[in-house]
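**Student:** Just my_file.csv, nothing more (CSV, C-alpha atoms and all ligand atoms):
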```
chain,number,residue,atom,x,y,z
A,1,MET,CA,-35.7,5.2,7.8
A,2,ILE,CA,-34.0,2.4,5.7
A,3,TYR,CA,-30.7,3.6,4.4
A,4,LEU,CA,-29.5,1.7,1.3
A,5,ASP,CA,-27.3,4.4,-0.1
A,6,ASN,CA,-24.0,3.4,1.4
A,7,ASN,CA,-22.0,4.0,-1.9
A,8,ALA,CA,-23.0,7.7,-1.6
A,9,THR,CA,-21.8,7.8,2.0
A,10,THR,CA,-22.0,5.7,5.2
A,11,PRO,CA,-23.2,6.4,8.7
A,12,LEU,CA,-20.3,6.8,11.1
A,13,ASP,CA,-19.3,3.8,13.3
A,14,PRO,CA,-19.8,5.0,16.9
A,15,ARG,CA,-16.2,3.8,17.7
A,16,VAL,CA,-14.9,6.2,14.9
A,17,VAL,CA,-16.9,9.0,16.5
A,18,GLU,CA,-15.3,8.4,19.9
A,19,VAL,CA,-11.8,8.4,18.4
A,20,MET,CA,-12.6,11.7,16.6
A,21,ARG,CA,-14.2,13.2,19.7
A,22,ARG,CA,-11.0,12.6,21.6
A,23,CYS,CA,-9.0,14.3,18.8
A,24,LEU,CA,-11.3,17.3,18.7
A,25,THR,CA,-11.4,17.9,22.5
A,26,GLU,CA,-8.2,16.4,24.0
A,27,THR,CA,-5.6,15.8,21.2
A,28,PHE,CA,-6.3,19.2,19.7
A,29,GLY,CA,-2.8,20.3,19.0
A,30,ASN,CA,-1.1,21.1,15.7
A,31,PRO,CA,1.0,18.0,14.7
A,32,SER,CA,3.8,20.3,13.6
A,33,SER,CA,4.2,21.8,17.1
A,34,SER,CA,7.0,20.4,19.1
A,35,HIS,CA,5.3,20.7,22.5
A,36,ARG,CA,3.4,17.9,24.1
A,37,VAL,CA,-0.1,18.8,22.8
A,38,GLY,CA,1.3,19.0,19.3
A,39,GLN,CA,3.1,15.7,19.6
A,40,GLN,CA,0.0,14.0,20.9
A,41,ALA,CA,-1.8,15.1,17.7
A,42,ALA,CA,1.2,14.0,15.6
A,43,ALA,CA,1.0,10.6,17.3
A,44,ALA,CA,-2.8,10.4,16.5
A,45,VAL,CA,-1.9,11.0,12.8
A,46,GLU,CA,0.8,8.4,12.9
A,47,THR,CA,-1.5,5.8,14.5
A,48,ALA,CA,-4.0,6.4,11.7
A,49,ARG,CA,-1.2,6.0,9.1
A,50,THR,CA,-0.2,2.6,10.6
A,51,GLN,CA,-3.9,1.5,10.8
A,52,LEU,CA,-4.6,2.4,7.1
A,53,ALA,CA,-1.3,1.0,5.9
A,54,GLU,CA,-1.9,-2.3,7.8
A,55,ALA,CA,-5.4,-2.6,6.3
A,56,VAL,CA,-4.1,-2.4,2.7
A,57,GLY,CA,-0.7,-4.1,3.0
A,58,ALA,CA,1.3,-0.9,2.6
A,59,ARG,CA,4.0,0.8,4.6
A,60,GLY,CA,3.2,3.9,6.6
A,61,GLU,CA,5.5,6.2,4.7
A,62,GLU,CA,3.7,5.3,1.5
A,63,ILE,CA,0.4,6.9,2.7
A,64,ILE,CA,-0.3,10.6,2.0
A,65,PHE,CA,-3.4,11.9,3.9
A,66,ALA,CA,-5.7,14.2,1.9
A,67,SER,CA,-9.1,15.8,2.1
A,68,GLY,CA,-10.9,12.8,0.5
A,69,GLY,CA,-11.1,10.6,-2.6
A,70,THR,CA,-11.4,13.5,-5.0
A,71,GLU,CA,-8.2,15.1,-3.8
A,72,ALA,CA,-6.4,11.8,-3.8
A,73,ASP,CA,-7.4,11.2,-7.4
A,74,ASN,CA,-6.4,14.7,-8.4
A,75,LEU,CA,-3.1,14.3,-6.7
A,76,ALA,CA,-2.4,11.0,-8.4
A,77,LEU,CA,-3.1,12.2,-11.9
A,78,ARG,CA,-1.9,15.7,-11.7
A,79,GLY,CA,1.1,14.8,-9.4
A,80,LEU,CA,2.3,12.1,-11.8
A,81,ALA,CA,1.8,14.3,-14.9
A,82,ALA,CA,3.7,17.2,-13.3
A,83,ALA,CA,6.6,14.9,-12.3
A,84,ASN,CA,6.9,13.5,-15.8
A,85,LEU,CA,6.6,16.4,-18.2
A,86,ASP,CA,8.4,14.6,-20.9
A,87,LYS,CA,5.4,12.3,-21.3
A,88,ASN,CA,1.9,13.3,-22.5
A,89,HIS,CA,-0.4,10.3,-22.6
A,90,LEU,CA,-2.9,9.2,-20.0
A,91,ILE,CA,-5.1,6.1,-20.0
A,92,ILE,CA,-8.3,5.8,-17.9
A,93,SER,CA,-11.4,3.7,-18.2
A,94,ALA,CA,-14.6,5.0,-19.8
A,95,VAL,CA,-16.5,4.6,-16.5
A,96,GLU,CA,-14.3,6.4,-14.0
A,97,HIS,CA,-15.7,8.6,-11.2
A,98,PRO,CA,-15.7,12.3,-12.1
A,99,ALA,CA,-12.8,12.8,-9.7
A,100,VAL,CA,-10.7,10.9,-12.2
A,101,ALA,CA,-12.7,11.6,-15.4
A,102,ASP,CA,-12.9,15.3,-15.0
A,103,THR,CA,-9.2,15.6,-13.9
A,104,ALA,CA,-8.3,13.7,-17.1
A,105,ARG,CA,-10.4,16.1,-19.1
A,106,ALA,CA,-8.7,19.1,-17.6
A,107,LEU,CA,-5.3,17.6,-18.4
A,108,GLU,CA,-6.5,16.9,-21.9
A,109,GLN,CA,-7.5,20.5,-22.3
A,110,ALA,CA,-3.9,21.4,-21.2
A,111,GLY,CA,-2.5,19.2,-24.0
A,112,MET,CA,-2.4,15.7,-22.6
A,113,ARG,CA,-3.6,12.9,-24.9
A,114,VAL,CA,-6.2,10.8,-23.1
A,115,THR,CA,-7.3,7.2,-24.0
A,116,ARG,CA,-10.6,6.1,-22.5
A,117,VAL,CA,-10.7,2.3,-22.4
A,118,ARG,CA,-14.1,0.9,-23.2
A,119,VAL,CA,-16.2,-1.6,-21.1
A,120,ASP,CA,-18.7,-4.2,-22.4
A,121,ARG,CA,-22.4,-4.6,-21.5
A,122,LEU,CA,-21.5,-6.1,-18.2
A,123,GLY,CA,-19.2,-3.2,-17.4
A,124,ARG,CA,-16.0,-5.3,-17.8
A,125,LEU,CA,-12.9,-3.6,-18.9
A,126,ASP,CA,-11.4,-4.3,-22.4
A,127,LEU,CA,-7.9,-5.4,-21.3
A,128,ASN,CA,-6.8,-5.8,-25.0
A,129,GLN,CA,-7.6,-2.2,-25.8
A,130,LEU,CA,-5.8,-1.1,-22.6
A,131,ALA,CA,-2.7,-3.1,-23.4
A,132,GLU,CA,-2.6,-1.8,-27.0
A,133,ALA,CA,-3.1,1.8,-25.9
A,134,ILE,CA,0.1,1.9,-23.8
A,135,ASP,CA,2.9,3.6,-25.6
A,136,GLU,CA,6.3,5.2,-24.8
A,137,GLN,CA,4.5,8.5,-24.1
A,138,THR,CA,2.1,7.0,-21.5
A,139,VAL,CA,2.7,8.6,-18.1
A,140,LEU,CA,0.0,6.7,-16.1
A,141,VAL,CA,-2.9,4.2,-16.3
A,142,SER,CA,-5.7,5.0,-13.9
A,143,VAL,CA,-8.6,2.6,-13.4
A,144,MET,CA,-11.0,2.1,-10.5
A,145,LEU,CA,-11.0,-1.0,-8.4
A,146,ALA,CA,-14.8,-1.0,-8.0
A,147,ASN,CA,-17.4,1.1,-9.8
A,148,ASN,CA,-19.5,3.4,-7.6
A,149,GLU,CA,-22.7,2.9,-9.7
A,150,THR,CA,-22.6,-0.7,-10.6
A,151,GLY,CA,-20.1,-2.2,-8.1
A,152,VAL,CA,-18.3,-3.9,-11.0
A,153,ILE,CA,-14.8,-4.9,-9.9
A,154,PHE,CA,-11.9,-4.5,-12.4
A,155,PRO,CA,-9.1,-7.0,-12.4
A,156,VAL,CA,-6.5,-4.5,-11.3
A,157,ALA,CA,-3.8,-7.1,-10.6
A,158,GLU,CA,-4.1,-8.1,-14.2
A,159,VAL,CA,-4.0,-4.5,-15.4
A,160,GLY,CA,-1.0,-4.0,-13.1
A,161,GLU,CA,0.9,-6.9,-14.8
A,162,ILE,CA,0.2,-5.3,-18.2
A,163,CYS,CA,1.4,-1.9,-17.0
A,164,ARG,CA,4.5,-3.4,-15.3
A,165,ARG,CA,5.5,-5.2,-18.5
A,166,LYS,CA,5.4,-1.9,-20.3
A,167,GLY,CA,7.0,0.1,-17.5
A,168,VAL,CA,4.0,2.4,-16.8
A,169,PRO,CA,2.7,3.1,-13.3
A,170,LEU,CA,-0.9,2.2,-12.4
A,171,HIS,CA,-3.2,4.3,-10.2
A,172,VAL,CA,-6.2,2.6,-8.8
A,173,ASP,CA,-9.2,4.5,-7.4
A,174,ALA,CA,-10.2,2.1,-4.5
A,175,VAL,CA,-12.6,4.6,-2.8
A,176,GLN,CA,-15.6,2.2,-3.2
A,177,ALA,CA,-13.6,-1.0,-2.6
A,178,LEU,CA,-11.8,-0.4,0.7
A,179,GLY,CA,-13.7,-2.3,3.4
A,180,LYS,CA,-15.6,-4.4,0.9
A,181,VAL,CA,-12.8,-6.1,-1.0
A,182,ALA,CA,-9.4,-7.4,0.3
A,183,ILE,CA,-6.6,-5.1,-0.8
A,184,ASP,CA,-3.0,-6.2,-0.6
A,185,LEU,CA,-0.6,-3.6,-1.9
A,186,ALA,CA,2.4,-5.7,-0.8
A,187,SER,CA,1.6,-8.2,-3.5
A,188,TRP,CA,-0.4,-6.2,-6.1
A,189,PRO,CA,1.4,-4.5,-9.0
A,190,VAL,CA,-0.1,-1.1,-8.2
A,191,GLU,CA,1.9,2.1,-7.7
A,192,LEU,CA,-0.8,4.5,-6.5
A,193,MET,CA,-4.2,4.0,-4.8
A,194,SER,CA,-6.9,6.4,-3.6
A,195,PHE,CA,-9.1,6.0,-0.4
A,196,SER,CA,-11.9,7.9,1.2
A,197,ALA,CA,-13.0,7.6,4.9
A,198,HIS,CA,-16.7,8.3,4.4
A,199,LYS,CA,-17.3,5.2,2.3
A,200,LEU,CA,-16.4,2.9,5.2
A,201,HIS,CA,-18.1,4.4,8.2
A,202,GLY,CA,-15.6,7.2,8.7
A,203,PRO,CA,-15.9,11.0,8.3
A,204,LYS,CA,-16.3,13.0,5.1
A,205,GLY,CA,-13.4,15.2,4.2
A,206,ALA,CA,-10.7,12.7,4.9
A,207,GLY,CA,-8.9,10.4,2.5
A,208,ALA,CA,-5.5,9.2,1.4
A,209,LEU,CA,-3.3,8.5,-1.5
A,210,TYR,CA,-1.0,5.5,-1.4
A,211,VAL,CA,2.2,6.1,-3.4
A,212,ARG,CA,4.7,3.2,-3.7
A,213,SER,CA,8.2,4.1,-2.5
A,214,GLY,CA,10.3,5.3,-5.4
A,215,ILE,CA,7.4,6.8,-7.4
A,216,GLY,CA,8.0,10.5,-8.2
A,217,LEU,CA,5.0,12.7,-7.4
A,218,GLN,CA,4.8,16.4,-7.5
A,219,ALA,CA,2.8,18.0,-4.7
A,220,GLN,CA,-0.3,19.8,-5.9
A,221,GLN,CA,-1.1,21.6,-2.6
A,222,LEU,CA,1.8,23.8,-1.5
A,223,GLY,CA,2.2,25.6,1.8
A,224,GLY,CA,3.8,23.5,4.4
A,225,HIS,CA,6.1,20.5,4.9
A,226,GLN,CA,3.4,18.2,6.0
A,227,GLU,CA,3.1,14.6,4.6
A,228,GLN,CA,6.8,14.6,3.6
A,229,ASP,CA,6.3,17.7,1.4
A,230,ARG,CA,3.8,15.9,-0.7
A,231,ARG,CA,0.6,17.6,0.6
A,232,GLY,CA,0.9,21.0,2.4
A,233,GLY,CA,-1.6,22.1,5.0
A,234,THR,CA,-2.2,21.5,8.7
A,235,GLU,CA,-3.6,18.0,9.0
A,236,ASN,CA,-7.3,17.3,9.6
A,237,VAL,CA,-6.3,15.3,12.7
A,238,ALA,CA,-9.8,14.2,13.8
A,239,GLY,CA,-10.6,13.2,10.2
A,240,ILE,CA,-7.4,11.4,9.7
A,241,ALA,CA,-7.8,9.5,13.0
A,242,GLY,CA,-11.4,8.7,12.0
A,243,LEU,CA,-10.1,7.3,8.7
A,244,GLY,CA,-7.5,5.2,10.5
A,245,GLU,CA,-10.0,3.8,13.0
A,246,ALA,CA,-12.6,3.2,10.2
A,247,ALA,CA,-9.9,1.2,8.2
A,248,ARG,CA,-9.0,-0.8,11.2
A,249,LEU,CA,-12.6,-1.6,11.9
A,250,ALA,CA,-13.3,-2.5,8.3
A,251,HIS,CA,-10.3,-4.9,8.4
A,252,GLN,CA,-11.5,-6.4,11.7
A,253,HIS,CA,-15.0,-6.8,10.3
A,254,ALA,CA,-14.0,-8.3,7.0
A,255,ASP,CA,-15.7,-11.6,8.0
A,256,GLN,CA,-19.0,-9.8,7.9
A,257,VAL,CA,-18.7,-9.1,4.2
A,258,PRO,CA,-20.2,-12.5,3.0
A,259,ALA,CA,-23.3,-11.8,5.1
A,260,ILE,CA,-23.7,-8.4,3.4
A,261,ALA,CA,-23.4,-10.2,0.0
A,262,ARG,CA,-26.1,-12.7,1.1
A,263,LEU,CA,-28.4,-9.9,2.1
A,264,ARG,CA,-27.8,-8.1,-1.2
A,265,ASP,CA,-28.3,-11.3,-3.2
A,266,ARG,CA,-31.6,-12.0,-1.5
A,267,LEU,CA,-32.8,-8.5,-2.0
A,268,GLU,CA,-31.8,-8.5,-5.7
A,269,GLN,CA,-33.1,-11.9,-6.5
A,270,THR,CA,-36.4,-11.3,-4.9
A,271,ILE,CA,-36.9,-8.0,-6.7
A,272,ILE,CA,-36.1,-9.7,-10.0
A,273,ARG,CA,-38.7,-12.4,-9.3
A,274,GLN,CA,-41.4,-10.0,-8.1
A,275,VAL,CA,-40.9,-7.1,-10.5
A,276,PRO,CA,-41.1,-8.2,-14.1
A,277,CYS,CA,-39.6,-4.9,-15.5
A,278,ALA,CA,-36.5,-5.1,-13.3
A,279,GLN,CA,-33.1,-6.1,-14.7
A,280,VAL,CA,-29.8,-6.3,-12.8
A,281,ILE,CA,-27.0,-4.2,-14.3
A,282,GLY,CA,-23.3,-5.2,-14.1
A,283,ASP,CA,-21.1,-8.2,-14.1
A,284,PRO,CA,-22.7,-10.7,-11.6
A,285,GLN,CA,-19.4,-12.5,-11.2
A,286,ASN,CA,-17.2,-9.6,-10.2
A,287,ARG,CA,-19.2,-7.1,-8.2
A,288,LEU,CA,-18.9,-5.4,-4.8
A,289,PRO,CA,-20.8,-7.5,-2.2
A,290,ASN,CA,-22.9,-4.6,-1.1
A,291,THR,CA,-24.1,-3.1,-4.4
A,292,SER,CA,-27.1,-3.8,-6.6
A,293,ASN,CA,-27.9,-1.6,-9.6
A,294,ILE,CA,-31.3,-2.4,-11.1
A,295,ALA,CA,-32.9,-0.9,-14.2
A,296,PHE,CA,-36.7,-0.6,-13.9
A,297,ALA,CA,-37.9,-0.5,-17.6
A,298,GLY,CA,-40.6,2.1,-18.2
A,299,LEU,CA,-39.9,4.0,-15.0
A,300,ARG,CA,-37.8,7.1,-14.3
A,301,SER,CA,-35.4,6.6,-11.4
A,302,ASP,CA,-36.1,10.1,-10.0
A,303,VAL,CA,-39.8,9.3,-9.7
A,304,LEU,CA,-39.2,5.9,-8.2
A,305,LEU,CA,-36.6,7.3,-5.7
A,306,MET,CA,-38.9,10.0,-4.6
A,307,ALA,CA,-41.7,7.4,-4.0
A,308,LEU,CA,-39.2,5.2,-2.1
A,309,SER,CA,-38.0,8.2,-0.1
A,310,GLU,CA,-41.6,9.0,0.9
A,311,MET,CA,-41.8,5.4,2.3
A,312,GLY,CA,-38.6,6.0,4.3
A,313,ILE,CA,-36.3,4.1,1.9
A,314,CYS,CA,-33.1,5.9,0.8
A,315,ALA,CA,-31.5,4.6,-2.5
A,316,SER,CA,-29.9,6.4,-5.4
A,317,GLY,CA,-30.2,6.8,-9.1
A,318,GLY,CA,-27.5,5.9,-11.6
A,319,SER,CA,-28.4,9.3,-13.1
A,320,ALA,CA,-27.9,12.9,-12.2
A,321,CYS,CA,-30.7,15.3,-12.6
A,322,HIS,CA,-29.6,18.4,-14.5
A,323,SER,CA,-32.0,21.3,-14.4
A,324,GLY,CA,-35.1,19.2,-14.7
A,325,SER,CA,-34.0,17.0,-17.5
A,326,LEU,CA,-32.9,13.5,-16.4
A,327,GLU,CA,-29.5,12.8,-18.0
A,328,PRO,CA,-28.9,9.0,-18.1
A,329,SER,CA,-25.7,8.0,-16.3
A,330,SER,CA,-22.6,8.2,-18.5
A,331,VAL,CA,-21.4,4.9,-16.8
A,332,LEU,CA,-24.5,3.0,-17.9
A,333,LEU,CA,-24.3,4.6,-21.4
A,334,ALA,CA,-20.7,3.6,-21.7
A,335,MET,CA,-21.8,0.0,-20.9
A,336,GLY,CA,-24.1,0.2,-24.0
A,337,LEU,CA,-27.4,0.6,-22.1
A,338,GLU,CA,-30.1,2.5,-24.1
A,339,PRO,CA,-30.9,5.9,-22.5
A,340,GLY,CA,-34.5,4.6,-21.7
A,341,PRO,CA,-33.5,1.7,-19.3
A,342,ALA,CA,-30.5,3.8,-18.1
A,343,ARG,CA,-33.0,6.5,-16.9
A,344,GLY,CA,-34.8,3.8,-14.8
A,345,ALA,CA,-31.7,2.6,-12.9
A,346,VAL,CA,-31.7,2.6,-9.2
A,347,ARG,CA,-28.7,1.7,-7.0
A,348,PHE,CA,-29.2,-0.1,-3.7
A,349,SER,CA,-26.0,-0.2,-1.6
A,350,LEU,CA,-25.8,-2.0,1.8
A,351,SER,CA,-23.4,-1.9,4.7
A,352,ARG,CA,-22.5,-4.0,7.7
A,353,PHE,CA,-25.2,-2.0,9.5
A,354,THR,CA,-28.0,-3.1,7.1
A,355,THR,CA,-30.4,-5.6,8.7
A,356,GLU,CA,-32.5,-8.4,7.2
A,357,GLN,CA,-35.6,-6.7,8.6
A,358,GLU,CA,-34.7,-3.6,6.6
A,359,THR,CA,-34.3,-5.5,3.3
A,360,ASP,CA,-37.5,-7.4,4.1
A,361,GLU,CA,-39.4,-4.1,4.4
A,362,VAL,CA,-38.0,-2.9,1.1
A,363,LEU,CA,-39.1,-6.1,-0.5
A,364,GLU,CA,-42.6,-5.6,0.9
A,365,ARG,CA,-42.9,-2.0,-0.3
A,366,LEU,CA,-41.0,-1.8,-3.6
A,367,PRO,CA,-43.2,-4.1,-5.8
A,368,VAL,CA,-46.3,-2.1,-4.7
A,369,ILE,CA,-44.6,1.2,-5.5
A,370,VAL,CA,-43.4,0.0,-8.9
A,371,ASP,CA,-46.9,-1.3,-9.8
A,372,ARG,CA,-48.5,2.0,-8.8
A,373,LEU,CA,-46.0,4.1,-10.8
A,374,LEU,CA,-46.2,1.9,-13.8
A,375,ALA,CA,-50.0,2.2,-13.7
A,376,GLN,CA,-49.8,6.0,-13.4
A,377,SER,CA,-47.4,6.2,-16.3
A,378,GLY,CA,-49.7,4.0,-18.4
A,379,GLU,CA,-47.1,1.2,-19.0
B,1,LIG,N1,-13.9,7.8,-6.4
B,1,LIG,C1,-15.0,7.1,-6.4
B,1,LIG,C2,-15.1,5.8,-7.1
B,1,LIG,C3,-16.1,7.5,-5.6
B,1,LIG,O1,-17.2,6.7,-5.5
B,1,LIG,C4,-16.0,8.7,-4.9
B,1,LIG,C5,-17.2,9.3,-4.1
B,1,LIG,O2,-18.3,9.0,-4.4
B,1,LIG,C6,-14.8,9.5,-5.0
B,1,LIG,C7,-13.8,9.0,-5.8
B,1,LIG,C8,-14.7,10.8,-4.4
B,1,LIG,O3,-14.4,10.6,-3.0
B,1,LIG,P1,-14.7,11.9,-2.0
B,1,LIG,O4,-16.2,11.9,-1.8
B,1,LIG,O5,-14.1,11.4,-0.7
B,1,LIG,O6,-14.1,13.1,-2.5
```
Mind turning this structure into structure tokens?
**Tutor:**
Amino acid sequence: MIYLDNNATTPLDPRVVEVMRRCLTETFGNPSSSHRVGQQAAAAVETARTQLAEAVGARGEEIIFASGGTEADNLALRGLAAANLDKNHLIISAVEHPAVADTARALEQAGMRVTRVRVDRLGRLDLNQLAEAIDEQTVLVSVMLANNETGVIFPVAEVGEICRRKGVPLHVDAVQALGKVAIDLASWPVELMSFSAHKLHGPKGAGALYVRSGIGLQAQQLGGHQEQDRRGGTENVAGIAGLGEAARLAHQHADQVPAIARLRDRLEQTIIRQVPCAQVIGDPQNRLPNTSNIAFAGLRSDVLLMALSEMGICASGGSACHSGSLEPSSVLLAMGLEPGPARGAVRFSLSRFTTEQETDEVLERLPVIVDRLLAQSGE
């Protein structure tokens, strides 16, 4: 099996599994308990807090652990809106993950005005539109650091400067970026940032929201005094410890990122040379090192993905299949792609565990599969 779907989720690093195993079997206490077993669990949570904070240039008390990227995004948007009821305007990009896009839509239905900043054909954010959209009613700007489908990286430091000049906080969904792009919250003008463990060889169901000291945020999950009253509920100690260890390892292995990029580039360039109907989607200058989104003209991604899967290759479509009809990805449509090519988009996403032998095998099999499918479809 060749796994090139690491933007969907990643295999766990064995060292993360070991840290989690210890939490599940030995450090099993409730971190709120004052006895020794509880305090050991509390210490595991605090170790993870320090590990994540160090990996992103934050301070420990600025990290709120949550159940994943989706909850972190919800908490950022809803928590900021609830803490600033005198303001009613939210700005997001047109290509946000549903965790942000759908939360913004729900806030819109509750009376919030939402501006969706457009992107160009390469997926680059229109910074002029963003700057012009900010007004005195704007409660928050929320843009992703890296797009999950195309890997396109937004210039969040620049966005942050614009926001700071206008006195508006910036939330950044960095779920796809952590571990692939250097993040330094100590120097970046960013007030809130979302993370998720399972995108960097950690477990599913664990994530965090960074909230810069001094930013008011209303808790959305009530019930206990955990996370300084900002997120109630007994902590997922093993998941949190897994997130901390995964962040530490990603930081430690940052020097492997250029090798991932080289592998991705070779895969992509060879596909483009060998498969005439293939075209790369997204800004080639500012992209995650591990992601390649390729549109295969004349093919449907679900058919190609199924054929790849039968050959043991796991990749993903830029599109979601809704009750049999293939909806083109809203991200690709927002970039101005026609529905036809958008329906043929396939995302290959690598990790530090991807080997050259694996990408070589993909390069051997893919052109044959594409030729066969094109012949079958009469193209
Ligand atoms: N934000 C982005 C950009 C993502 O890619 C994802 C997951 O795919 C999420 C948020 C949601 O994270 P989680 O799966 O941890 O809820």
**Student:** Can you pull out every residue with an atom within 8 Å of ligand LIG 1 (chain B)? Use only C-alpha atoms and all ligand atoms and format it as a PDB file with C-alpha atoms, in the coordinates of the input.
**Tutor:**
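Saved to part.pdb:
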```
ATOM      1  CA  ASN A   7     -22.000   4.000  -1.900  1.00  0.00           C
ATOM      2  CA  ALA A   8     -23.000   7.700  -1.600  1.00  0.00           C
ATOM      3  CA  THR A   9     -21.800   7.800   2.000  1.00  0.00           C
ATOM      4  CA  SER A  67      -9.100  15.800   2.100  1.00  0.00           C
ATOM      5  CA  GLY A  68     -10.900  12.800   0.500  1.00  0.00           C
ATOM      6  CA  GLY A  69     -11.100  10.600  -2.600  1.00  0.00           C
ATOM      7  CA  THR A  70     -11.400  13.500  -5.000  1.00  0.00           C
ATOM      8  CA  GLU A  71      -8.200  15.100  -3.800  1.00  0.00           C
ATOM      9  CA  ALA A  72      -6.400  11.800  -3.800  1.00  0.00           C
ATOM     10  CA  ASP A  73      -7.400  11.200  -7.400  1.00  0.00           C
ATOM     11  CA  GLU A  96     -14.300   6.400 -14.000  1.00  0.00           C
ATOM     12  CA  HIS A  97     -15.700   8.600 -11.200  1.00  0.00           C
ATOM     13  CA  PRO A  98     -15.700  12.300 -12.100  1.00  0.00           C
ATOM     14  CA  ALA A  99     -12.800  12.800  -9.700  1.00  0.00           C
ATOM     15  CA  VAL A 100     -10.700  10.900 -12.200  1.00  0.00           C
ATOM     16  CA  MET A 144     -11.000   2.100 -10.500  1.00  0.00           C
ATOM     17  CA  ALA A 146     -14.800  -1.000  -8.000  1.00  0.00           C
ATOM     18  CA  ASN A 147     -17.400   1.100  -9.800  1.00  0.00           C
ATOM     19  CA  ASN A 148     -19.500   3.400  -7.600  1.00  0.00           C
ATOM     20  CA  GLU A 149     -22.700   2.900  -9.700  1.00  0.00           C
ATOM     21  CA  ASP A 173      -9.200   4.500  -7.400  1.00  0.00           C
ATOM     22  CA  ALA A 174     -10.200   2.100  -4.500  1.00  0.00           C
ATOM     23  CA  VAL A 175     -12.600   4.600  -2.800  1.00  0.00           C
ATOM     24  CA  GLN A 176     -15.600   2.200  -3.200  1.00  0.00           C
ATOM     25  CA  SER A 194      -6.900   6.400  -3.600  1.00  0.00           C
ATOM     26  CA  PHE A 195      -9.100   6.000  -0.400  1.00  0.00           C
ATOM     27  CA  SER A 196     -11.900   7.900   1.200  1.00  0.00           C
ATOM     28  CA  ALA A 197     -13.000   7.600   4.900  1.00  0.00           C
ATOM     29  CA  HIS A 198     -16.700   8.300   4.400  1.00  0.00           C
ATOM     30  CA  LYS A 199     -17.300   5.200   2.300  1.00  0.00           C
ATOM     31  CA  LYS A 204     -16.300  13.000   5.100  1.00  0.00           C
ATOM     32  CA  GLY A 205     -13.400  15.200   4.200  1.00  0.00           C
ATOM     33  CA  ALA A 206     -10.700  12.700   4.900  1.00  0.00           C
ATOM     34  CA  GLY A 207      -8.900  10.400   2.500  1.00  0.00           C
TER      35      GLY A 207
END
```
**Student:** Would you list the contacts of Ala342 of chain A as a ChimeraX atom specification, taking every protein, DNA or RNA residue within 7 Å and counting only C-alpha atoms, but skipping same-chain residues closer than 3 positions in sequence?
**Tutor:** /A:295,328-329,332,337-339,345
**Student:** In Å, how far is it from atom CA of Ser316 of chain A to atom CA of Val257 of chain A?
**Tutor:** 21.4 Å
**Student:** Using only C-alpha atoms, give me every residue within 12 Å of (-15.4, 12.7, 18.8) in file coordinates, as a ChimeraX atom specification.
**Tutor:** /A:12-28,202-203,237-239,241-242,245
**Student:** For segment 267-279 of chain A, list every protein, DNA or RNA residue within 7 Å, evaluated using only C-alpha atoms, and leave out those in the same chain fewer than 5 positions away; present the list as number ranges by chain.
**Tutor:** A: 292, 294-297, 359, 363, 367
**Student:** Pick out the residues sitting within 8 Å of Leu4 of chain A, and hand them over as a PyMOL selection string; count only C-alpha atoms, and ignore anything fewer than 2 positions along from it in its own chain.
**Tutor:** chain A and resi 2+6+313-315+348-351+354
**Student:** Please produce a file of the residues just selected, as a tab-separated table (two decimals), in the coordinates of the input, where the atoms kept are C-alpha atoms.
**Tutor:**
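part37.tsv, written as the output of this step:
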```
chain	number	residue	atom	x	y	z
A	2	ILE	CA	-34.00	2.40	5.70
A	6	ASN	CA	-24.00	3.40	1.40
A	313	ILE	CA	-36.30	4.10	1.90
A	314	CYS	CA	-33.10	5.90	0.80
A	315	ALA	CA	-31.50	4.60	-2.50
A	348	PHE	CA	-29.20	-0.10	-3.70
A	349	SER	CA	-26.00	-0.20	-1.60
A	350	LEU	CA	-25.80	-2.00	1.80
A	351	SER	CA	-23.40	-1.90	4.70
A	354	THR	CA	-28.00	-3.10	7.10
```
**Student:** Smallest atom-to-atom distance to Met335 of chain A: which of A:Ser93, A:Gln256, A:Thr50, A:Gln218, using only C-alpha atoms?
**Tutor:**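 Among the listed residues, the smallest separation from Met335 of chain A belongs to A:Ser93.
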**Student:** Which one of A:Met193, A:Leu130, A:Ala44, A:Ala186 sits closest to Leu170 of chain A if you count all atoms listed in the file?
**Tutor:** A:Met193
